[in-house]
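Student: File name input_30.txt; file contents compact mmCIF, C-alpha atoms and all ligand atoms; full text below.
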# COMPACT_ATOMS: atom_id res chain seq x y z
CA MET A 1 7.31 14.12 22.21
CA ASN A 2 9.22 15.61 19.29
CA ILE A 3 8.70 13.76 16.03
CA LEU A 4 10.58 13.75 12.72
CA LEU A 5 8.65 12.96 9.54
CA ILE A 6 10.58 12.36 6.32
CA GLY A 7 9.09 13.39 2.96
CA SER A 8 7.43 16.23 1.10
CA GLY A 9 4.27 15.03 -0.63
CA GLY A 10 0.53 14.88 -0.06
CA ARG A 11 1.16 11.67 1.86
CA GLU A 12 3.40 13.49 4.32
CA HIS A 13 0.94 16.37 4.73
CA ALA A 14 -1.68 13.75 5.64
CA PHE A 15 0.73 12.22 8.18
CA ALA A 16 1.44 15.68 9.58
CA TYR A 17 -2.30 16.36 9.85
CA LYS A 18 -2.86 13.19 11.90
CA ILE A 19 0.28 13.58 14.00
CA THR A 20 -0.51 17.16 15.02
CA GLN A 21 -4.05 16.18 16.05
CA SER A 22 -2.52 14.10 18.82
CA ALA A 23 -1.87 15.55 22.26
CA GLN A 24 1.24 13.34 22.33
CA CYS A 25 2.95 15.50 19.72
CA ASN A 26 5.07 18.35 21.02
CA LYS A 27 7.13 19.53 18.03
CA LEU A 28 6.76 18.02 14.58
CA PHE A 29 9.65 18.41 12.11
CA VAL A 30 9.10 17.58 8.44
CA MET A 31 12.16 16.99 6.28
CA PRO A 32 11.98 18.68 3.80
CA GLY A 33 8.15 19.22 3.81
CA ASN A 34 6.04 21.52 1.63
CA ALA A 35 3.86 24.62 2.00
CA GLY A 36 1.12 22.50 3.60
CA THR A 37 3.29 20.88 6.24
CA ALA A 38 4.71 24.34 7.03
CA GLN A 39 1.25 25.32 8.31
CA LEU A 40 1.35 22.52 10.90
CA ALA A 41 4.99 21.80 11.58
CA ILE A 42 8.56 22.99 11.22
CA ASN A 43 9.98 22.24 7.79
CA VAL A 44 13.64 21.28 7.89
CA PRO A 45 15.55 21.87 4.63
CA LEU A 46 17.92 18.91 5.01
CA ASP A 47 18.38 16.06 2.53
CA PRO A 48 16.88 12.92 4.12
CA LEU A 49 19.52 10.83 2.35
CA ASP A 50 22.25 12.64 4.28
CA PHE A 51 21.89 10.17 7.16
CA THR A 52 24.77 11.64 9.17
CA ASN A 53 23.17 15.07 9.35
CA VAL A 54 19.68 13.65 9.86
CA GLY A 55 21.01 11.67 12.83
CA LYS A 56 22.70 14.75 14.25
CA PHE A 57 19.47 16.73 13.80
CA CYS A 58 17.53 14.07 15.75
CA LEU A 59 19.94 14.16 18.70
CA ASP A 60 20.16 17.96 18.74
CA ASN A 61 16.36 18.29 18.69
CA ASP A 62 15.44 15.54 21.13
CA VAL A 63 13.48 13.58 18.50
CA LYS A 64 11.64 10.64 20.08
CA LEU A 65 9.96 9.13 17.01
CA ILE A 66 10.93 8.96 13.34
CA ILE A 67 8.44 8.22 10.56
CA VAL A 68 9.65 7.76 6.99
CA GLY A 69 7.15 8.52 4.20
CA PRO A 70 8.90 7.61 0.91
CA GLU A 71 10.70 4.40 -0.06
CA GLU A 72 14.05 5.77 -1.15
CA PRO A 73 15.64 6.42 2.27
CA LEU A 74 14.45 2.97 3.39
CA VAL A 75 15.76 1.12 0.35
CA LYS A 76 19.03 3.02 0.88
CA GLY A 77 19.35 1.80 4.46
CA MET A 78 18.24 4.69 6.67
CA ARG A 79 16.94 2.38 9.39
CA ASP A 80 20.15 0.34 9.33
CA TYR A 81 22.22 3.51 9.71
CA PHE A 82 20.21 4.54 12.78
CA GLY A 83 20.28 0.98 14.13
CA ALA A 84 24.07 0.93 14.05
CA ASP A 85 24.47 3.95 16.34
CA ASP A 86 24.17 3.55 20.12
CA HIS A 87 22.23 6.78 20.58
CA LEU A 88 20.15 6.81 17.40
CA LYS A 89 18.99 3.24 17.81
CA GLN A 90 17.07 4.30 20.92
CA ILE A 91 14.65 6.32 18.78
CA PRO A 92 11.58 4.34 17.62
CA PHE A 93 11.74 4.28 13.82
CA ILE A 94 8.80 3.62 11.48
CA GLY A 95 10.10 2.10 8.26
CA PRO A 96 11.84 -1.21 7.51
CA GLY A 97 15.57 -1.72 7.10
CA GLU A 98 17.28 -2.24 3.78
CA LYS A 99 16.46 -5.95 3.69
CA GLY A 100 12.74 -5.55 4.41
CA ALA A 101 12.54 -2.64 1.96
CA GLN A 102 13.58 -5.12 -0.75
CA LEU A 103 9.89 -6.06 -0.84
CA GLU A 104 9.63 -2.87 -2.90
CA GLY A 105 13.26 -2.29 -3.92
CA SER A 106 13.60 -5.57 -5.81
CA LYS A 107 10.76 -7.17 -7.75
CA ASP A 108 12.82 -10.36 -8.03
CA PHE A 109 13.21 -10.48 -4.24
CA SER A 110 9.49 -9.91 -3.65
CA LYS A 111 8.43 -12.49 -6.25
CA ALA A 112 10.81 -15.09 -4.79
CA PHE A 113 9.49 -14.26 -1.31
CA MET A 114 5.88 -14.77 -2.41
CA LYS A 115 6.73 -18.01 -4.16
CA LYS A 116 8.58 -19.34 -1.12
CA TYR A 117 5.70 -18.55 1.24
CA GLY A 118 2.86 -19.62 -1.03
CA ILE A 119 1.40 -16.13 -1.43
CA PRO A 120 -0.83 -15.88 -4.53
CA THR A 121 0.80 -13.84 -7.30
CA ALA A 122 1.36 -14.03 -11.07
CA ALA A 123 3.74 -16.77 -12.33
CA TYR A 124 7.12 -15.31 -13.30
CA GLU A 125 10.73 -15.78 -14.38
CA THR A 126 13.67 -13.40 -13.90
CA PHE A 127 16.29 -12.60 -16.55
CA THR A 128 19.61 -10.70 -16.70
CA ALA A 129 22.26 -10.03 -19.38
CA ASP A 130 23.63 -13.54 -18.78
CA THR A 131 20.26 -15.16 -19.48
CA LEU A 132 18.94 -12.76 -22.12
CA GLN A 133 18.70 -15.44 -24.84
CA ALA A 134 16.61 -17.65 -22.56
CA GLY A 135 14.52 -14.57 -21.73
CA ILE A 136 13.87 -13.85 -25.38
CA ALA A 137 12.80 -17.45 -25.96
CA TYR A 138 10.56 -17.22 -22.90
CA VAL A 139 8.73 -14.03 -23.92
CA LYS A 140 8.41 -15.24 -27.54
CA SER A 141 6.08 -18.02 -26.49
CA HIS A 142 4.48 -16.29 -23.47
CA SER A 143 0.71 -15.83 -23.34
CA LEU A 144 -0.49 -12.24 -23.97
CA PRO A 145 -0.42 -9.66 -22.65
CA VAL A 146 2.95 -10.26 -20.98
CA VAL A 147 4.23 -8.03 -18.17
CA LEU A 148 7.86 -6.86 -17.94
CA LYS A 149 9.10 -5.28 -14.73
CA ALA A 150 12.42 -3.62 -14.00
CA ASP A 151 13.75 -5.27 -10.84
CA GLY A 152 14.80 -2.06 -9.08
CA LEU A 153 13.17 1.28 -8.25
CA ALA A 154 12.21 3.12 -11.44
CA ALA A 155 10.07 5.99 -10.15
CA GLY A 156 6.85 4.12 -10.95
CA LYS A 157 7.79 3.74 -14.62
CA GLY A 158 9.43 0.33 -14.71
CA VAL A 159 6.39 -1.79 -15.63
CA LEU A 160 5.52 -2.52 -19.27
CA ILE A 161 2.46 -4.43 -20.39
CA CYS A 162 3.24 -5.82 -23.85
CA GLN A 163 0.44 -6.76 -26.22
CA SER A 164 2.58 -8.74 -28.67
CA ASN A 165 5.49 -11.16 -28.34
CA GLU A 166 7.61 -9.05 -30.73
CA GLU A 167 7.11 -5.98 -28.55
CA ALA A 168 8.06 -8.01 -25.48
CA VAL A 169 11.26 -9.23 -27.14
CA SER A 170 12.33 -5.73 -28.12
CA GLU A 171 11.40 -4.21 -24.72
CA LEU A 172 13.16 -6.98 -22.80
CA THR A 173 16.27 -6.40 -24.89
CA ALA A 174 16.08 -2.62 -24.38
CA MET A 175 15.62 -3.02 -20.63
CA ILE A 176 18.57 -5.36 -20.19
CA ASN A 177 21.00 -4.31 -22.93
CA GLU A 178 20.28 -0.60 -23.19
CA GLN A 179 19.34 -0.04 -19.55
CA LYS A 180 16.01 1.47 -20.55
CA PHE A 181 15.31 2.12 -16.85
CA GLY A 182 18.95 2.52 -15.82
CA VAL A 183 20.49 -0.11 -13.57
CA ALA A 184 16.99 -0.86 -12.27
CA SER A 185 16.33 -2.85 -15.46
CA SER A 186 19.58 -4.82 -15.60
CA LYS A 187 17.39 -7.53 -14.07
CA VAL A 188 13.85 -8.00 -15.38
CA VAL A 189 10.91 -9.94 -14.00
CA VAL A 190 8.66 -11.33 -16.75
CA GLU A 191 5.23 -12.25 -15.47
CA GLU A 192 1.76 -13.34 -16.39
CA PHE A 193 -0.89 -10.64 -16.83
CA LEU A 194 -3.54 -10.66 -14.12
CA SER A 195 -7.01 -9.49 -15.04
CA GLY A 196 -9.54 -8.18 -12.54
CA ILE A 197 -9.97 -5.02 -10.49
CA GLU A 198 -7.15 -3.48 -8.46
CA LEU A 199 -7.13 -2.29 -4.88
CA SER A 200 -4.62 -1.86 -2.09
CA VAL A 201 -4.50 -2.93 1.50
CA PHE A 202 -2.16 -1.44 4.06
CA VAL A 203 -0.63 -3.21 7.02
CA LEU A 204 1.25 -1.68 9.93
CA SER A 205 3.77 -4.07 11.49
CA ASP A 206 5.80 -3.69 14.69
CA GLY A 207 8.01 -6.67 13.86
CA THR A 208 5.76 -9.08 15.78
CA ASN A 209 2.18 -7.84 15.71
CA TYR A 210 0.29 -6.14 12.92
CA LYS A 211 -2.82 -4.05 12.26
CA VAL A 212 -4.73 -4.01 9.00
CA LEU A 213 -5.49 -0.42 8.01
CA PRO A 214 -8.36 0.63 5.70
CA SER A 215 -8.27 -0.54 2.09
CA ALA A 216 -8.13 1.98 -0.78
CA LYS A 217 -8.31 2.17 -4.52
CA ASP A 218 -6.34 4.71 -6.48
CA TYR A 219 -6.82 5.99 -10.01
CA LYS A 220 -3.47 5.83 -11.76
CA ARG A 221 -4.20 7.00 -15.29
CA ILE A 222 -4.16 10.68 -16.22
CA GLY A 223 -7.38 10.56 -18.23
CA GLU A 224 -11.01 10.04 -17.28
CA GLY A 225 -12.32 6.52 -17.73
CA ASP A 226 -8.80 5.22 -16.84
CA THR A 227 -7.19 6.27 -20.10
CA GLY A 228 -3.82 7.77 -21.04
CA LEU A 229 -0.48 7.69 -19.26
CA ASN A 230 0.23 6.30 -15.82
CA THR A 231 0.74 8.81 -13.02
CA GLY A 232 1.61 8.57 -9.34
CA GLY A 233 -2.15 8.57 -8.67
CA MET A 234 -4.94 11.01 -9.55
CA GLY A 235 -7.31 10.26 -6.70
CA ALA A 236 -8.38 7.55 -4.29
CA VAL A 237 -11.34 6.17 -2.38
CA SER A 238 -11.57 4.35 0.94
CA PRO A 239 -13.12 1.97 1.80
CA VAL A 240 -13.26 0.04 -1.47
CA PRO A 241 -16.89 -0.99 -2.10
CA PHE A 242 -16.10 -4.50 -3.38
CA ALA A 243 -13.59 -5.24 -0.61
CA ASP A 244 -16.21 -6.78 1.66
CA ALA A 245 -15.54 -8.73 4.84
CA ALA A 246 -15.33 -12.07 3.00
CA PHE A 247 -12.76 -10.73 0.52
CA LEU A 248 -10.69 -9.04 3.23
CA GLN A 249 -10.75 -12.27 5.23
CA LYS A 250 -9.15 -14.05 2.26
CA VAL A 251 -6.57 -11.28 1.96
CA GLU A 252 -5.66 -11.62 5.63
CA GLU A 253 -5.45 -15.43 5.63
CA ARG A 254 -3.75 -15.95 2.27
CA ILE A 255 -1.61 -12.84 1.99
CA ILE A 256 -1.13 -10.76 5.14
CA LYS A 257 -0.45 -13.59 7.61
CA PRO A 258 1.95 -15.47 5.33
CA THR A 259 3.73 -12.18 4.56
CA ILE A 260 4.25 -11.36 8.24
CA ASP A 261 5.25 -14.97 9.01
CA GLY A 262 7.57 -15.06 6.00
CA LEU A 263 9.34 -11.90 7.13
CA LYS A 264 9.89 -13.47 10.57
CA LYS A 265 11.21 -16.68 9.01
CA GLU A 266 13.61 -14.63 6.90
CA GLU A 267 14.69 -12.92 10.16
CA ILE A 268 13.62 -9.56 8.81
CA HIS A 269 12.46 -7.42 11.73
CA TYR A 270 9.91 -5.41 9.75
CA VAL A 271 8.72 -2.25 11.49
CA GLY A 272 6.61 -0.05 9.27
CA PHE A 273 3.97 -0.08 6.61
CA ILE A 274 3.42 -2.78 4.02
CA PHE A 275 1.40 -1.57 1.06
CA ILE A 276 -0.01 -4.57 -0.77
CA GLY A 277 -1.22 -3.89 -4.31
CA LEU A 278 -3.82 -6.52 -5.13
CA MET A 279 -5.81 -7.80 -8.05
CA ASN A 280 -9.31 -9.05 -7.27
CA LYS A 281 -10.42 -11.57 -9.85
CA ASP A 282 -13.90 -12.94 -9.19
CA GLY A 283 -13.40 -12.44 -5.47
CA GLU A 284 -9.96 -14.11 -5.36
CA PRO A 285 -7.02 -11.88 -4.36
CA SER A 286 -3.48 -12.04 -5.72
CA VAL A 287 -0.54 -9.74 -5.13
CA ILE A 288 0.62 -7.38 -7.88
CA GLU A 289 3.32 -5.76 -5.78
CA TYR A 290 4.47 -4.81 -2.33
CA ASN A 291 5.66 -1.36 -1.30
CA CYS A 292 7.54 -0.65 1.93
CA ARG A 293 5.61 2.55 2.64
CA MET A 294 2.15 4.05 2.41
CA GLY A 295 0.70 5.00 -0.98
CA ASP A 296 0.19 8.49 -2.30
CA PRO A 297 -2.69 9.50 -2.70
CA GLU A 298 -4.03 6.45 -0.81
CA THR A 299 -2.71 7.89 2.48
CA GLU A 300 -4.90 10.95 1.97
CA VAL A 301 -8.00 8.73 2.33
CA VAL A 302 -6.67 6.00 4.64
CA LEU A 303 -5.19 8.13 7.44
CA PRO A 304 -8.20 10.46 7.86
CA ARG A 305 -10.31 7.33 8.53
CA ILE A 306 -8.12 6.31 11.49
CA GLU A 307 -9.77 7.50 14.69
CA SER A 308 -7.29 6.07 17.19
CA ASP A 309 -4.65 8.49 18.46
CA PHE A 310 -2.19 8.42 15.58
CA VAL A 311 0.97 9.17 17.54
CA GLU A 312 0.11 6.43 20.06
CA LEU A 313 -0.38 4.07 17.13
CA MET A 314 2.96 5.01 15.55
CA PHE A 315 4.82 4.89 18.86
CA ALA A 316 3.34 1.47 19.63
CA ALA A 317 4.48 0.24 16.22
CA GLY A 318 7.96 1.63 16.83
CA THR A 319 8.26 -0.03 20.23
CA GLY A 320 6.78 -3.46 19.45
CA LYS A 321 3.51 -2.82 21.29
CA LEU A 322 0.88 -2.76 18.57
CA ASN A 323 -0.93 -5.56 20.42
CA GLU A 324 -1.80 -3.00 23.13
CA ILE A 325 -3.58 -0.70 20.68
CA GLU A 326 -7.20 -0.87 19.64
CA LEU A 327 -7.49 0.41 16.08
CA LYS A 328 -10.62 2.55 15.70
CA LEU A 329 -11.75 3.40 12.18
CA SER A 330 -14.39 5.72 10.79
CA ASN A 331 -17.29 4.12 8.93
CA GLN A 332 -17.47 7.07 6.59
CA THR A 333 -16.22 7.03 3.03
CA ALA A 334 -13.28 9.24 2.11
CA VAL A 335 -12.54 10.40 -1.43
CA THR A 336 -9.51 12.39 -2.53
CA VAL A 337 -9.14 14.22 -5.84
CA MET A 338 -5.63 15.19 -6.96
CA LEU A 339 -5.10 18.54 -8.67
CA VAL A 340 -2.12 18.40 -11.02
CA SER A 341 -0.08 20.71 -13.25
CA GLU A 342 -0.78 21.01 -16.96
CA GLY A 343 1.47 18.56 -18.80
CA TYR A 344 1.82 16.07 -15.94
CA PRO A 345 2.92 13.21 -16.03
CA GLY A 346 5.18 14.70 -18.72
CA ASP A 347 6.94 18.05 -18.35
CA TYR A 348 5.05 20.76 -16.51
CA PRO A 349 5.67 24.34 -15.37
CA LYS A 350 6.26 25.29 -11.74
CA GLY A 351 5.71 28.46 -9.76
CA LYS A 352 2.05 29.05 -10.68
CA VAL A 353 0.32 31.13 -7.99
CA MET A 354 -2.48 29.25 -6.24
CA THR A 355 -5.61 30.93 -4.85
CA GLY A 356 -9.05 30.02 -3.58
CA PHE A 357 -8.01 28.08 -0.46
CA GLU A 358 -10.28 30.15 1.80
CA GLN A 359 -13.28 29.60 -0.48
CA THR A 360 -13.24 25.85 0.19
CA SER A 361 -15.14 24.21 3.03
CA ASN A 362 -15.75 20.73 4.41
CA SER A 363 -12.72 19.22 2.73
CA ILE A 364 -9.16 18.70 3.90
CA LEU A 365 -6.57 20.16 1.55
CA PHE A 366 -3.37 18.13 1.53
CA HIS A 367 -0.53 19.88 -0.23
CA ALA A 368 1.67 17.79 -2.52
CA GLY A 369 3.92 19.83 -4.84
CA THR A 370 3.57 23.32 -3.36
CA GLN A 371 5.89 25.90 -1.85
CA LYS A 372 5.85 29.52 -0.73
CA ASN A 373 7.51 32.05 -2.99
CA GLU A 374 9.43 35.18 -1.86
CA LYS A 375 6.16 37.13 -1.71
CA GLY A 376 4.65 34.57 0.63
CA GLU A 377 2.26 33.25 -2.03
CA ILE A 378 1.61 29.53 -2.34
CA VAL A 379 2.81 28.35 -5.73
CA THR A 380 2.89 25.04 -7.58
CA ASN A 381 6.12 23.10 -7.25
CA GLY A 382 5.39 19.68 -8.74
CA GLY A 383 3.28 17.57 -11.06
CA ARG A 384 0.83 16.58 -8.37
CA VAL A 385 -0.09 19.74 -6.53
CA LEU A 386 -2.93 19.31 -4.05
CA ALA A 387 -5.15 16.48 -2.82
CA VAL A 388 -8.70 17.45 -1.87
CA THR A 389 -10.10 14.92 0.62
CA SER A 390 -13.71 14.80 1.77
CA PHE A 391 -15.83 12.51 3.90
CA GLY A 392 -19.35 11.39 3.15
CA ASN A 393 -21.93 8.86 4.27
CA ASN A 394 -21.35 7.26 0.91
CA LEU A 395 -18.96 7.55 -1.98
CA LYS A 396 -21.17 9.90 -3.95
CA GLU A 397 -21.43 12.40 -1.11
CA ALA A 398 -17.69 12.39 -0.50
CA ALA A 399 -16.79 12.64 -4.19
CA THR A 400 -19.27 15.46 -4.85
CA GLN A 401 -17.76 17.46 -2.00
CA SER A 402 -14.19 16.97 -3.24
CA PHE A 403 -15.10 17.93 -6.81
CA ALA A 404 -16.86 21.10 -5.58
CA ASN A 405 -13.78 22.22 -3.66
CA ALA A 406 -11.38 21.14 -6.43
CA GLU A 407 -13.23 23.61 -8.63
CA LYS A 408 -12.61 26.47 -6.19
CA ILE A 409 -8.83 26.18 -6.08
CA GLN A 410 -7.34 28.23 -8.91
CA TYR A 411 -4.00 28.19 -10.69
CA GLU A 412 -2.96 28.34 -14.32
CA GLY A 413 -3.03 24.92 -15.97
CA LYS A 414 -5.02 23.18 -13.22
CA TYR A 415 -6.26 19.71 -14.19
CA TYR A 416 -8.02 16.98 -12.25
CA ARG A 417 -10.07 13.90 -13.02
CA LYS A 418 -13.77 14.49 -12.51
CA ASP A 419 -14.55 10.76 -12.35
CA ILE A 420 -12.77 9.50 -9.22
CA GLY A 421 -14.88 6.62 -7.88
CA TYR A 422 -16.90 6.54 -11.12
CA GLU A 423 -17.30 2.78 -11.39
CA PHE A 424 -19.03 2.68 -8.01
CA LEU A 425 -21.47 5.56 -8.61
P1 LIG B 1 3.75 -1.46 -10.21
O1 LIG B 1 4.79 -0.48 -10.66
O2 LIG B 1 4.26 -2.80 -9.84
O3 LIG B 1 2.78 -0.82 -9.28
O4 LIG B 1 2.83 -1.74 -11.50
C1 LIG B 1 2.17 -0.68 -12.11
C2 LIG B 1 0.82 -1.13 -12.56
O5 LIG B 1 0.97 -2.10 -13.60
C3 LIG B 1 -0.01 -1.83 -11.52
O6 LIG B 1 -0.68 -0.95 -10.69
C4 LIG B 1 -0.96 -2.61 -12.40
O7 LIG B 1 -1.98 -1.78 -12.87
C5 LIG B 1 -0.10 -3.01 -13.55
N1 LIG B 1 0.42 -4.36 -13.37
C6 LIG B 1 1.56 -4.73 -12.80
N2 LIG B 1 1.71 -6.06 -12.81
C7 LIG B 1 0.62 -6.56 -13.42
C8 LIG B 1 0.18 -7.88 -13.75
N3 LIG B 1 0.91 -8.96 -13.48
N4 LIG B 1 -1.00 -8.00 -14.36
C9 LIG B 1 -1.74 -6.92 -14.67
N5 LIG B 1 -1.38 -5.66 -14.40
C10 LIG B 1 -0.22 -5.48 -13.77
N1 LIG B 2 -0.40 5.52 -5.55
C1 LIG B 2 0.52 4.49 -5.78
C2 LIG B 2 1.75 4.55 -4.99
O1 LIG B 2 1.88 5.30 -4.04
O2 LIG B 2 2.66 3.80 -5.29
Translate the structure of the given file into structure tokens.
Tutor:
Amino acid sequence: MNILLIGSGGREHAFAYKITQSAQCNKLFVMPGNAGTAQLAINVPLDPLDFTNVGKFCLDNDVKLIIVGPEEPLVKGMRDYFGADDHLKQIPFIGPGEKGAQLEGSKDFSKAFMKKYGIPTAAYETFTADTLQAGIAYVKSHSLPVVLKADGLAAGKGVLICQSNEEAVSELTAMINEQKFGVASSKVVVEEFLSGIELSVFVLSDGTNYKVLPSAKDYKRIGEGDTGLNTGGMGAVSPVPFADAAFLQKVEERIIKPTIDGLKKEEIHYVGFIFIGLMNKDGEPSVIEYNCRMGDPETEVVLPRIESDFVELMFAAGTGKLNEIELKLSNQTAVTVMLVSEGYPGDYPKGKVMTGFEQTSNSILFHAGTQKNEKGEIVTNGGRVLAVTSFGNNLKEAATQSFANAEKIQYEGKYYRKDIGYEFL
């Protein structure tokens, strides 16, 4: 079958890698894609948010399955647009509608959802311009640290962890009155700080049935030892050593099942991925956040560990038949190391020529921000540039392999963390 994949990051290259391994895939289109997806598929330079033209493209190219990588088209109602058209609604579509995507698109919605369905999460209150005075009083006497979250999408930047009550008052005011994160922060969730160790679990839902995919841990800070600014993610490991069967059992009983049941009770037909960011405190899980998509770079370690035919898995999810699929997973450990541009997560240059690809071996190179220039060279085109994924019989083996190959890729200003997985080694 012909398949359309939406997105252009390392996550989408990992999807493309799995999709094109399947005999079920005829043509794969990636919209817009990157230099890595171009090696496996046909990149289509259309704007995914231009739903009318995306729909037309699907009909013209006999697309039989659509998979959406990033959250934005989902939060903006791509599934709903397709669902409202007699022809387009026939195409199985992986990604929730606008309402389900609120799990990520609105922190207030997701917190209220968790509260309603008894899902463990930090205690919270929500404030807007109308309730700012009450909000100020609330954060003034809140225990520390106190966490402030812009309600809407803020490109991963909308969360502030305040160490003093004065800081919290001034940040809350800036978020609501000065739109520090644009309209996303006209509503702010104020919540309790959770201590512990973070990890993520991923669930694939077909609206009725679900499968729990491998867990992963990403490394969000730019600096080694988890220091410095937050990034989209500098590396990831899967499985997560401390996420043992007993812990995952708790996650399934207390979080995954009530989430799936809650979505049904809310009459949200959720088809797609649910990324559950968790805090593990002394073996007890609570939810930090939901996302309506897979993580990046978590996908670059989770998908390679899936041994079942990936297109069959996606098609089953899109047609409500996940119960007919047996999910087979690799027992090996996967580690990915993200190469980034100098300056990231701040400003960074683009267009740096990349070399050394053919010197690498025994790793999978997932392109993130790359493109081909007029000379046909692969050049950098983003902050996060390339994810180097390796397998091993243990974390050390996998990490060592990724670091060795990360060293071989060359471009001006290359930076990567040399300590991915460090706390487990
Ligand atoms: P988010 O944008 O919701 O992923 O939050 C970004 C990061 O902020 C998370 O990955 C956590 O590291 C941290 N964070 C968010 N909420 C909390 C919380 N309630 N307690 C502690 N850390 C948090
Ligand atoms: N790596 C975190 C995310 O994809 O949101």
Student: Using only C-alpha atoms, which of the listed residues (A:Val183, A:Ala35, A:Ile325, A:Val30) sits closest to A:Ile378?
Tutor: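 When distances to A:Ile378 are compared using only C-alpha atoms, the smallest one comes from A:Ala35.
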Student: Taking only C-alpha atoms and all ligand atoms into account, which residues are within 9 Å of ligand LIG 1 (chain B), as a tab-separated table (two decimals) with C-alpha atoms, keeping the file's coordinate frame?
Tutor:
chain	number	residue	atom	x	y	z
A	104	GLU	CA	9.63	-2.87	-2.90
A	107	LYS	CA	10.76	-7.17	-7.75
A	121	THR	CA	0.80	-13.84	-7.30
A	122	ALA	CA	1.36	-14.03	-11.07
A	123	ALA	CA	3.74	-16.77	-12.33
A	124	TYR	CA	7.12	-15.31	-13.30
A	145	PRO	CA	-0.42	-9.66	-22.65
A	146	VAL	CA	2.95	-10.26	-20.98
A	147	VAL	CA	4.23	-8.03	-18.17
A	148	LEU	CA	7.86	-6.86	-17.94
A	149	LYS	CA	9.10	-5.28	-14.73
A	150	ALA	CA	12.42	-3.62	-14.00
A	153	LEU	CA	13.17	1.28	-8.25
A	154	ALA	CA	12.21	3.12	-11.44
A	155	ALA	CA	10.07	5.99	-10.15
A	156	GLY	CA	6.85	4.12	-10.95
A	157	LYS	CA	7.79	3.74	-14.62
A	158	GLY	CA	9.43	0.33	-14.71
A	159	VAL	CA	6.39	-1.79	-15.63
A	160	LEU	CA	5.52	-2.52	-19.27
A	161	ILE	CA	2.46	-4.43	-20.39
A	190	VAL	CA	8.66	-11.33	-16.75
A	191	GLU	CA	5.23	-12.25	-15.47
A	192	GLU	CA	1.76	-13.34	-16.39
A	193	PHE	CA	-0.89	-10.64	-16.83
A	194	LEU	CA	-3.54	-10.66	-14.12
A	195	SER	CA	-7.01	-9.49	-15.04
A	196	GLY	CA	-9.54	-8.18	-12.54
A	197	ILE	CA	-9.97	-5.02	-10.49
A	198	GLU	CA	-7.15	-3.48	-8.46
A	199	LEU	CA	-7.13	-2.29	-4.88
A	220	LYS	CA	-3.47	5.83	-11.76
A	230	ASN	CA	0.23	6.30	-15.82
A	277	GLY	CA	-1.22	-3.89	-4.31
A	278	LEU	CA	-3.82	-6.52	-5.13
A	279	MET	CA	-5.81	-7.80	-8.05
A	287	VAL	CA	-0.54	-9.74	-5.13
A	288	ILE	CA	0.62	-7.38	-7.88
A	289	GLU	CA	3.32	-5.76	-5.78
A	290	TYR	CA	4.47	-4.81	-2.33
A	291	ASN	CA	5.66	-1.36	-1.30
Student: Show me, as CSV, the residues of chain A having an atom within 12 Å of ligand LIG 2 (chain B), each with the closest atom pair and its distance in Å, using all atoms listed in the file.
Tutor:
residue,atom,partner,partner_atom,distance
A:Gly9,CA,B:LIG2,O1,10.6
A:Gly10,CA,B:LIG2,O1,10.5
A:Arg11,CA,B:LIG2,O1,8.7
A:Glu12,CA,B:LIG2,O1,11.8
A:Gly69,CA,B:LIG2,O1,10.3
A:Pro70,CA,B:LIG2,O1,8.9
A:Glu71,CA,B:LIG2,O2,9.6
A:Glu104,CA,B:LIG2,O2,9.9
A:Leu153,CA,B:LIG2,O2,11.2
A:Ala154,CA,B:LIG2,O2,11.4
A:Ala155,CA,B:LIG2,O2,9.1
A:Gly156,CA,B:LIG2,O2,7.0
A:Lys157,CA,B:LIG2,O2,10.6
A:Glu198,CA,B:LIG2,C1,11.4
A:Leu199,CA,B:LIG2,C1,10.3
A:Ser200,CA,B:LIG2,C1,9.0
A:Val201,CA,B:LIG2,C1,11.5
A:Phe202,CA,B:LIG2,O1,11.3
A:Ala216,CA,B:LIG2,N1,9.7
A:Lys217,CA,B:LIG2,N1,8.7
A:Asp218,CA,B:LIG2,N1,6.1
A:Tyr219,CA,B:LIG2,N1,7.8
A:Lys220,CA,B:LIG2,N1,6.9
A:Arg221,CA,B:LIG2,N1,10.6
A:Asn230,CA,B:LIG2,C1,10.2
A:Thr231,CA,B:LIG2,N1,8.2
A:Gly232,CA,B:LIG2,N1,5.3
A:Gly233,CA,B:LIG2,N1,4.7
A:Met234,CA,B:LIG2,N1,8.2
A:Gly235,CA,B:LIG2,N1,8.5
A:Ala236,CA,B:LIG2,N1,8.3
A:Val237,CA,B:LIG2,N1,11.4
A:Ile274,CA,B:LIG2,O2,11.4
A:Phe275,CA,B:LIG2,O2,8.4
A:Ile276,CA,B:LIG2,O2,9.9
A:Gly277,CA,B:LIG2,O2,8.7
A:Leu278,CA,B:LIG2,C1,11.9
A:Ile288,CA,B:LIG2,O2,11.7
A:Glu289,CA,B:LIG2,O2,9.6
A:Tyr290,CA,B:LIG2,O2,9.3
A:Asn291,CA,B:LIG2,O2,7.2
A:Cys292,CA,B:LIG2,O2,9.8
A:Arg293,CA,B:LIG2,O1,8.1
A:Met294,CA,B:LIG2,O1,6.6
A:Gly295,CA,B:LIG2,O1,3.3
A:Asp296,CA,B:LIG2,O1,4.0
A:Pro297,CA,B:LIG2,N1,5.4
A:Glu298,CA,B:LIG2,N1,6.0
A:Thr299,CA,B:LIG2,O1,8.4
A:Glu300,CA,B:LIG2,N1,10.3
A:Val301,CA,B:LIG2,N1,11.4
A:Val302,CA,B:LIG2,N1,12.0
A:Thr336,CA,B:LIG2,N1,11.8
A:Met338,CA,B:LIG2,N1,11.1
A:Arg384,CA,B:LIG2,N1,11.5
